[in-house]
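Participant: For reference, the file protein17.cif (mmCIF, C-alpha atoms, pLDDT in the B column; chains and numbers go by the auth columns) is included below:
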data_final
#
loop_
_atom_site.group_PDB
_atom_site.id
_atom_site.type_symbol
_atom_site.label_atom_id
_atom_site.label_comp_id
_atom_site.label_asym_id
_atom_site.label_seq_id
_atom_site.Cartn_x
_atom_site.Cartn_y
_atom_site.Cartn_z
_atom_site.B_iso_or_equiv
_atom_site.auth_seq_id
_atom_site.auth_asym_id
ATOM 1 C CA GLY A 1 57.140 13.354 119.160 61.00 1 U
ATOM 2 C CA LEU A 2 58.288 13.624 115.578 70.00 2 U
ATOM 3 C CA GLY A 3 55.882 15.149 113.093 76.00 3 U
ATOM 4 C CA TRP A 4 55.274 14.315 109.435 80.00 4 U
ATOM 5 C CA GLU A 5 57.094 16.386 106.821 78.00 5 U
ATOM 6 C CA ASN A 6 53.793 16.588 104.903 81.00 6 U
ATOM 7 C CA ASP A 7 50.383 16.373 106.551 89.00 7 U
ATOM 8 C CA VAL A 8 47.843 17.335 103.884 91.00 8 U
ATOM 9 C CA ARG A 9 44.137 17.499 104.634 93.00 9 U
ATOM 10 C CA SER A 10 41.788 18.231 101.712 95.00 10 U
ATOM 11 C CA ASN A 11 38.103 18.931 101.245 95.00 11 U
ATOM 12 C CA THR A 12 36.727 18.440 97.742 95.00 12 U
ATOM 13 C CA ALA A 13 33.233 19.281 96.489 95.00 13 U
ATOM 14 C CA ASP A 14 31.826 18.635 93.016 95.00 14 U
ATOM 15 C CA ALA A 15 28.413 19.671 91.707 97.00 15 U
ATOM 16 C CA GLY A 16 27.421 18.959 88.133 96.00 16 U
ATOM 17 C CA ALA A 17 24.845 18.086 85.531 97.00 17 U
ATOM 18 C CA PHE A 18 24.969 15.801 82.508 97.00 18 U
ATOM 19 C CA LEU A 19 22.974 14.971 79.392 97.00 19 U
ATOM 20 C CA THR A 20 23.228 11.892 77.186 97.00 20 U
ATOM 21 C CA THR A 21 21.394 10.687 74.121 97.00 21 U
ATOM 22 C CA ASP A 22 21.446 7.690 71.772 96.00 22 U
ATOM 23 C CA LEU A 23 20.330 8.134 68.141 96.00 23 U
ATOM 24 C CA VAL A 24 19.756 5.116 65.869 96.00 24 U
ATOM 25 C CA TRP A 25 19.084 5.088 62.119 95.00 25 U
ATOM 26 C CA ASP A 26 17.801 2.037 60.283 92.00 26 U
ATOM 27 C CA ASP A 27 18.806 -0.271 63.157 90.00 27 U
ATOM 28 C CA SER A 28 22.423 -0.069 61.998 94.00 28 U
ATOM 29 C CA LEU A 29 23.941 3.417 62.434 97.00 29 U
ATOM 30 C CA ASP A 30 24.226 4.398 66.093 97.00 30 U
ATOM 31 C CA LEU A 31 25.339 7.779 67.442 97.00 31 U
ATOM 32 C CA THR A 32 25.827 8.244 71.172 97.00 32 U
ATOM 33 C CA LEU A 33 26.432 11.756 72.533 98.00 33 U
ATOM 34 C CA GLY A 34 27.090 12.946 76.052 98.00 34 U
ATOM 35 C CA GLY A 35 27.914 16.227 77.738 98.00 35 U
ATOM 36 C CA ARG A 36 28.658 17.147 81.319 97.00 36 U
ATOM 37 C CA TYR A 37 29.462 20.254 83.340 98.00 37 U
ATOM 38 C CA ASP A 38 31.148 20.103 86.750 97.00 38 U
ATOM 39 C CA ASP A 39 31.895 22.831 89.276 97.00 39 U
ATOM 40 C CA TYR A 40 34.836 21.863 91.514 97.00 40 U
ATOM 41 C CA ASN A 41 35.751 23.415 94.852 97.00 41 U
ATOM 42 C CA VAL A 42 38.889 22.258 96.683 96.00 42 U
ATOM 43 C CA ARG A 43 40.515 23.376 99.936 96.00 43 U
ATOM 44 C CA SER A 44 43.743 21.956 101.377 95.00 44 U
ATOM 45 C CA VAL A 45 45.918 22.550 104.441 94.00 45 U
ATOM 46 C CA ASP A 46 49.442 21.185 104.840 90.00 46 U
ATOM 47 C CA GLY A 47 50.330 21.040 108.538 89.00 47 U
ATOM 48 C CA GLY A 48 53.631 19.227 108.038 85.00 48 U
ATOM 49 C CA VAL A 49 56.799 20.294 109.837 81.00 49 U
ATOM 50 C CA LEU A 50 58.804 20.499 106.558 74.00 50 U
ATOM 51 C CA SER A 51 56.303 20.682 103.736 72.00 51 U
ATOM 52 C CA PHE A 52 58.169 22.773 101.093 75.00 52 U
ATOM 53 C CA GLU A 53 54.817 24.171 99.923 81.00 53 U
ATOM 54 C CA PRO A 54 52.220 26.765 101.004 86.00 54 U
ATOM 55 C CA VAL A 55 50.413 26.046 104.253 90.00 55 U
ATOM 56 C CA THR A 56 46.970 26.511 102.695 92.00 56 U
ATOM 57 C CA GLY A 57 45.499 26.446 99.211 93.00 57 U
ATOM 58 C CA ARG A 58 42.119 26.810 97.575 95.00 58 U
ATOM 59 C CA GLY A 59 40.763 26.300 94.066 95.00 59 U
ATOM 60 C CA ASN A 60 37.436 26.703 92.310 96.00 60 U
ATOM 61 C CA ALA A 61 36.815 25.970 88.631 96.00 61 U
ATOM 62 C CA GLY A 62 34.146 24.752 86.232 96.00 62 U
ATOM 63 C CA ARG A 63 34.812 22.355 83.387 96.00 63 U
ATOM 64 C CA PHE A 64 32.732 21.062 80.446 97.00 64 U
ATOM 65 C CA THR A 65 33.446 17.554 79.156 98.00 65 U
ATOM 66 C CA TYR A 66 31.938 15.486 76.366 98.00 66 U
ATOM 67 C CA SER A 67 31.931 12.157 74.544 98.00 67 U
ATOM 68 C CA ALA A 68 30.766 11.087 71.088 98.00 68 U
ATOM 69 C CA SER A 69 30.733 7.618 69.544 98.00 69 U
ATOM 70 C CA LEU A 70 29.575 6.533 66.091 98.00 70 U
ATOM 71 C CA SER A 71 29.177 2.858 65.159 97.00 71 U
ATOM 72 C CA TYR A 72 27.720 0.871 62.264 97.00 72 U
ATOM 73 C CA LYS A 73 26.302 -2.642 62.545 95.00 73 U
ATOM 74 C CA THR A 74 26.989 -4.590 59.371 94.00 74 U
ATOM 75 C CA PRO A 75 24.963 -7.663 58.312 91.00 75 U
ATOM 76 C CA TRP A 76 28.031 -9.856 58.935 90.00 76 U
ATOM 77 C CA GLY A 77 28.303 -9.172 62.664 88.00 77 U
ATOM 78 C CA VAL A 78 31.150 -6.683 62.311 95.00 78 U
ATOM 79 C CA VAL A 79 30.740 -3.303 64.039 97.00 79 U
ATOM 80 C CA PRO A 80 33.306 -0.587 63.187 98.00 80 U
ATOM 81 C CA TYR A 81 33.261 2.483 65.416 98.00 81 U
ATOM 82 C CA VAL A 82 34.994 5.770 66.207 98.00 82 U
ATOM 83 C CA THR A 83 35.013 7.579 69.540 98.00 83 U
ATOM 84 C CA THR A 84 36.238 10.939 70.770 98.00 84 U
ATOM 85 C CA ALA A 85 36.039 12.178 74.334 98.00 85 U
ATOM 86 C CA LYS A 86 37.255 14.842 76.724 97.00 86 U
ATOM 87 C CA SER A 87 37.308 14.356 80.490 96.00 87 U
ATOM 88 C CA ALA A 88 38.525 16.291 83.515 95.00 88 U
ATOM 89 C CA SER A 89 39.798 15.159 86.888 94.00 89 U
ATOM 90 C CA VAL A 90 41.276 16.568 90.071 94.00 90 U
ATOM 91 C CA GLU A 91 44.971 15.769 90.529 93.00 91 U
ATOM 92 C CA ILE A 92 44.881 13.756 93.752 90.00 92 U
ATOM 93 C CA GLY A 93 47.675 11.856 95.461 87.00 93 U
ATOM 94 C CA GLN A 94 47.792 8.321 96.812 84.00 94 U
ATOM 95 C CA ALA A 95 45.742 9.293 99.885 86.00 95 U
ATOM 96 C CA SER A 96 43.210 11.355 97.848 89.00 96 U
ATOM 97 C CA GLU A 97 44.880 14.599 98.915 91.00 97 U
ATOM 98 C CA VAL A 98 45.282 17.696 96.745 93.00 98 U
ATOM 99 C CA LEU A 99 48.643 19.370 97.357 90.00 99 U
ATOM 100 C CA THR A 100 48.604 23.058 98.229 90.00 100 U
ATOM 101 C CA SER A 101 51.447 23.620 95.734 87.00 101 U
ATOM 102 C CA LEU A 102 49.170 22.413 92.912 90.00 102 U
ATOM 103 C CA LEU A 103 46.415 24.733 94.087 92.00 103 U
ATOM 104 C CA ALA A 104 48.837 27.662 94.213 89.00 104 U
ATOM 105 C CA GLY A 105 50.109 26.880 90.713 87.00 105 U
ATOM 106 C CA ARG A 106 46.599 26.252 89.334 89.00 106 U
ATOM 107 C CA ASP A 107 47.634 22.749 88.268 89.00 107 U
ATOM 108 C CA TRP A 108 45.092 20.867 90.398 93.00 108 U
ATOM 109 C CA LEU A 109 42.507 20.289 87.620 94.00 109 U
ATOM 110 C CA SER A 110 43.547 18.609 84.362 93.00 110 U
ATOM 111 C CA ASN A 111 41.972 17.615 81.058 94.00 111 U
ATOM 112 C CA SER A 112 42.432 14.408 79.100 96.00 112 U
ATOM 113 C CA PHE A 113 41.533 13.736 75.458 97.00 113 U
ATOM 114 C CA LEU A 114 40.911 10.376 73.792 97.00 114 U
ATOM 115 C CA ASN A 115 40.470 9.482 70.112 98.00 115 U
ATOM 116 C CA GLU A 116 39.778 5.841 69.334 98.00 116 U
ATOM 117 C CA ALA A 117 38.846 3.780 66.283 98.00 117 U
ATOM 118 C CA GLY A 118 38.193 0.071 66.189 97.00 118 U
ATOM 119 C CA VAL A 119 36.053 -2.841 65.234 98.00 119 U
ATOM 120 C CA LYS A 120 33.999 -5.347 67.218 96.00 120 U
ATOM 121 C CA PHE A 121 32.619 -8.622 65.933 95.00 121 U
ATOM 122 C CA ALA A 122 30.581 -11.666 66.893 93.00 122 U
ATOM 123 C CA ALA A 123 30.661 -15.052 65.132 91.00 123 U
ATOM 124 C CA LEU A 124 29.748 -18.710 65.593 91.00 124 U
ATOM 125 C CA ASP A 125 26.304 -17.869 66.968 90.00 125 U
ATOM 126 C CA ASP A 126 27.868 -15.380 69.395 89.00 126 U
ATOM 127 C CA HIS A 127 30.198 -18.020 70.819 93.00 127 U
ATOM 128 C CA LEU A 128 33.183 -16.034 69.530 95.00 128 U
ATOM 129 C CA LEU A 129 33.434 -12.344 70.461 96.00 129 U
ATOM 130 C CA GLY A 130 36.293 -9.974 69.727 97.00 130 U
ATOM 131 C CA SER A 131 37.456 -6.392 69.438 97.00 131 U
ATOM 132 C CA LEU A 132 40.457 -4.542 68.026 98.00 132 U
ATOM 133 C CA ASP A 133 41.076 -0.831 68.492 98.00 133 U
ATOM 134 C CA TRP A 134 43.687 1.891 68.045 98.00 134 U
ATOM 135 C CA TYR A 135 43.813 4.982 70.235 98.00 135 U
ATOM 136 C CA VAL A 136 45.623 8.227 70.983 98.00 136 U
ATOM 137 C CA GLN A 137 45.305 9.740 74.440 97.00 137 U
ATOM 138 C CA ASN A 138 46.638 13.011 75.850 96.00 138 U
ATOM 139 C CA ARG A 139 46.523 13.217 79.628 93.00 139 U
ATOM 140 C CA THR A 140 48.474 14.328 82.679 90.00 140 U
ATOM 141 C CA GLN A 141 50.063 12.562 85.620 86.00 141 U
ATOM 142 C CA LEU A 142 51.598 13.530 88.939 83.00 142 U
ATOM 143 C CA ASN A 143 55.371 13.345 88.980 78.00 143 U
ATOM 144 C CA HIS A 144 56.933 12.787 92.409 72.00 144 U
ATOM 145 C CA GLY A 145 60.496 14.033 92.065 64.00 145 U
ATOM 146 C CA ALA A 146 63.455 14.075 94.391 56.00 146 U
ATOM 147 C CA GLY A 147 63.348 16.324 97.427 54.00 147 U
ATOM 148 C CA GLY A 148 59.595 15.971 97.819 59.00 148 U
ATOM 149 C CA ILE A 149 58.812 18.141 94.785 66.00 149 U
ATOM 150 C CA THR A 150 55.605 17.141 92.978 75.00 150 U
ATOM 151 C CA ASN A 151 54.439 18.592 89.678 78.00 151 U
ATOM 152 C CA VAL A 152 52.017 17.783 86.862 84.00 152 U
ATOM 153 C CA ILE A 153 53.437 16.645 83.522 86.00 153 U
ATOM 154 C CA GLY A 154 51.686 15.959 80.238 89.00 154 U
ATOM 155 C CA THR A 155 51.805 12.616 78.430 92.00 155 U
ATOM 156 C CA ARG A 156 50.777 11.381 74.991 95.00 156 U
ATOM 157 C CA ALA A 157 50.025 7.684 74.509 96.00 157 U
ATOM 158 C CA LYS A 158 49.467 5.744 71.291 97.00 158 U
ATOM 159 C CA GLY A 159 48.497 2.108 71.296 97.00 159 U
ATOM 160 C CA ALA A 160 46.381 -0.812 70.217 98.00 160 U
ATOM 161 C CA GLU A 161 44.259 -3.336 72.104 98.00 161 U
ATOM 162 C CA LEU A 162 43.030 -6.795 71.153 97.00 162 U
ATOM 163 C CA GLU A 163 40.552 -9.053 72.936 97.00 163 U
ATOM 164 C CA LEU A 164 39.091 -12.406 71.898 97.00 164 U
ATOM 165 C CA ARG A 165 36.647 -14.520 73.888 97.00 165 U
ATOM 166 C CA TYR A 166 35.346 -17.957 72.983 96.00 166 U
ATOM 167 C CA VAL A 167 32.482 -19.485 74.957 95.00 167 U
ATOM 168 C CA ALA A 168 32.775 -23.247 74.493 93.00 168 U
ATOM 169 C CA THR A 169 30.110 -24.324 76.991 92.00 169 U
ATOM 170 C CA PRO A 170 27.978 -22.549 79.610 90.00 170 U
ATOM 171 C CA ASN A 171 30.717 -23.422 82.127 94.00 171 U
ATOM 172 C CA PHE A 172 33.917 -23.019 80.089 96.00 172 U
ATOM 173 C CA SER A 173 35.315 -20.106 78.107 96.00 173 U
ATOM 174 C CA LEU A 174 38.684 -18.916 76.771 97.00 174 U
ATOM 175 C CA THR A 175 39.906 -15.322 76.719 97.00 175 U
ATOM 176 C CA LEU A 176 42.867 -13.767 74.927 97.00 176 U
ATOM 177 C CA ALA A 177 43.752 -10.134 75.609 97.00 177 U
ATOM 178 C CA GLY A 178 46.741 -8.036 74.658 97.00 178 U
ATOM 179 C CA SER A 179 47.816 -4.419 74.331 97.00 179 U
ATOM 180 C CA LEU A 180 50.714 -2.383 72.979 97.00 180 U
ATOM 181 C CA GLN A 181 51.347 1.216 74.012 97.00 181 U
ATOM 182 C CA HIS A 182 54.010 3.871 73.499 97.00 182 U
ATOM 183 C CA THR A 183 53.961 6.827 75.909 94.00 183 U
ATOM 184 C CA THR A 184 55.787 10.125 75.395 92.00 184 U
ATOM 185 C CA ILE A 185 56.418 12.607 78.206 87.00 185 U
ATOM 186 C CA LYS A 186 55.521 16.042 76.889 85.00 186 U
ATOM 187 C CA GLY A 187 56.555 17.943 80.026 69.00 187 U
ATOM 188 C CA PRO A 188 57.165 20.272 81.624 65.00 188 U
ATOM 189 C CA ASP A 189 59.535 18.006 83.554 60.00 189 U
ATOM 190 C CA HIS A 190 61.018 19.735 86.609 56.00 190 U
ATOM 191 C CA SER A 191 62.436 16.587 88.163 54.00 191 U
ATOM 192 C CA PHE A 192 66.094 16.326 89.139 54.00 192 U
ATOM 193 C CA ALA A 193 68.573 13.811 90.510 56.00 193 U
ATOM 194 C CA TYR A 194 71.690 13.909 92.655 58.00 194 U
ATOM 195 C CA VAL A 195 74.834 12.649 90.903 64.00 195 U
ATOM 196 C CA PRO A 196 78.011 11.810 92.870 66.00 196 U
ATOM 197 C CA ALA A 197 80.945 14.096 92.058 69.00 197 U
ATOM 198 C CA ARG A 198 83.134 11.130 91.083 68.00 198 U
ATOM 199 C CA THR A 199 80.774 10.454 88.138 71.00 199 U
ATOM 200 C CA TYR A 200 82.319 13.516 86.462 72.00 200 U
ATOM 201 C CA GLY A 201 85.862 12.659 87.490 76.00 201 U
ATOM 202 C CA VAL A 202 85.953 14.922 90.534 76.00 202 U
ATOM 203 C CA THR A 203 87.611 13.425 93.613 74.00 203 U
ATOM 204 C CA PRO A 204 85.607 13.361 96.841 67.00 204 U
ATOM 205 C CA GLN A 205 88.096 15.832 98.364 69.00 205 U
ATOM 206 C CA ASN A 206 87.617 18.376 95.576 72.00 206 U
ATOM 207 C CA GLY A 207 83.883 17.732 95.575 67.00 207 U
ATOM 208 C CA PHE A 208 83.813 18.456 99.321 65.00 208 U
ATOM 209 C CA GLY A 209 81.908 15.213 99.888 59.00 209 U
ATOM 210 C CA GLY A 210 78.886 16.524 98.023 59.00 210 U
ATOM 211 C CA SER A 211 77.105 15.802 94.761 56.00 211 U
ATOM 212 C CA TYR A 212 75.800 17.611 91.670 58.00 212 U
ATOM 213 C CA VAL A 213 72.187 18.226 90.801 58.00 213 U
ATOM 214 C CA THR A 214 71.083 17.411 87.242 57.00 214 U
#
Could you write out this structure as structure tokens?
Facilitator:
Amino acid sequence: GLGWENDVRSNTADAGAFLTTDLVWDDSLDLTLGGRYDDYNVRSVDGGVLSFEPVTGRGNAGRFTYSASLSYKTPWGVVPYVTTAKSASVEIGQASEVLTSLLAGRDWLSNSFLNEAGVKFAALDDHLLGSLDWYVQNRTQLNHGAGGITNVIGTRAKGAELELRYVATPNFSLTLAGSLQHTTIKGPDHSFAYVPARTYGVTPQNGFGGSYVT
């Protein structure tokens, strides 16, 4: 029978330790700190008939991540806060596989960074709750290009989020939520596309029935 072009089988192991603490001063200033260390071990085999990547791949790496959040509870029910965090994750596909090409290129483990500032509030005897925040996040994503080529590209997102919730009765509440985000692709972007020859004014005969790569 016909075989799959890609048939990736992955084994992933993760061992780690974490520490978290919550420090409070005068029942108003709250500092939450967390740290974590993970040791990742990944093995993959691509048994596809036309995989366009190495048959096997293996990766082992350790990564330290952290989070820190500082908030202040005012007497008026308003809580401003700032948060910064770093996290790490294995670049997995839709079926939780890790491509051997990513392991060969050492792109299988990525970091993400988040900086956020906002305010939370409660009013009307806690019947009205809300939050508004602004954030900047640098992270990566898998890019599935033409021809079965997959690579990791960096992104930078800036945005704002708003949420309001009003509890009218124990059985009825109203929620309003919205967000606005602008994402920039930082690269590297190795994707490409096939463009018909006639797009550039070349006749099919002179283009030999083919197309250009851009």
Participant: Find the residues near stretch 35-39 of chain U: any atom within 12 Å, counting all atoms listed in the file, skip ones fewer than 4 places away on the same chain, and give them as a PyMOL selection string.
Facilitator: chain U and resi 12-21+59-68+85-90+109
Participant: Expressed in Å to a single decimal, how great is the separation between atom CA of U:Asp7 and atom CA of U:Leu50?
Facilitator: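 For atom CA of U:Asp7 relative to atom CA of U:Leu50, the distance reads 9.4 Å.
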Participant: Could you list, as a list in words, every residue matched by the PyMOL selection byres ((chain U and resi 156-160) around 6) in this structure?
Facilitator: Asp133, Trp134, Tyr135, Val136, Gln137, Asn138, Thr155, Glu161, Ser179, Leu180, Gln181, His182, Thr183 and Thr184 of chain U
Participant: Considering only C-alpha atoms, tabulate each residue of stretch 97-177 of chain U that lies at most 10 Å from stretch 72-75 of chain U along with its nearest interatomic pair and the corresponding distance in Å to one decimal; arrange the rows by chain and ascending residue number and present them as a Markdown table.
Facilitator:
| residue | atom | partner | partner_atom | distance |
| --- | --- | --- | --- | --- |
| U:Val119 | CA | U:Tyr72 | CA | 9.6 |
| U:Lys120 | CA | U:Lys73 | CA | 9.4 |
| U:Phe121 | CA | U:Lys73 | CA | 9.3 |
Participant: I need the residue set behind the PyMOL selection byres ((chain U and resi 125-129) around 6) for this file; please write it as a list in words.
Facilitator: Phe121, Ala122, Ala123, Leu124, Gly130, Leu164, Arg165, Tyr166 and Val167 of chain U
Participant: Output C-alpha atoms for every residue in that selection, as a JSON list (two decimals), in the coordinates of the input.
Facilitator:
[["chain", "number", "residue", "atom", "x", "y", "z"],
["U", 121, "PHE", "CA", 32.62, -8.62, 65.93],
["U", 122, "ALA", "CA", 30.58, -11.67, 66.89],
["U", 123, "ALA", "CA", 30.66, -15.05, 65.13],
["U", 124, "LEU", "CA", 29.75, -18.71, 65.59],
["U", 130, "GLY", "CA", 36.29, -9.97, 69.73],
["U", 164, "LEU", "CA", 39.09, -12.41, 71.90],
["U", 165, "ARG", "CA", 36.65, -14.52, 73.89],
["U", 166, "TYR", "CA", 35.35, -17.96, 72.98],
["U", 167, "VAL", "CA", 32.48, -19.48, 74.96]]
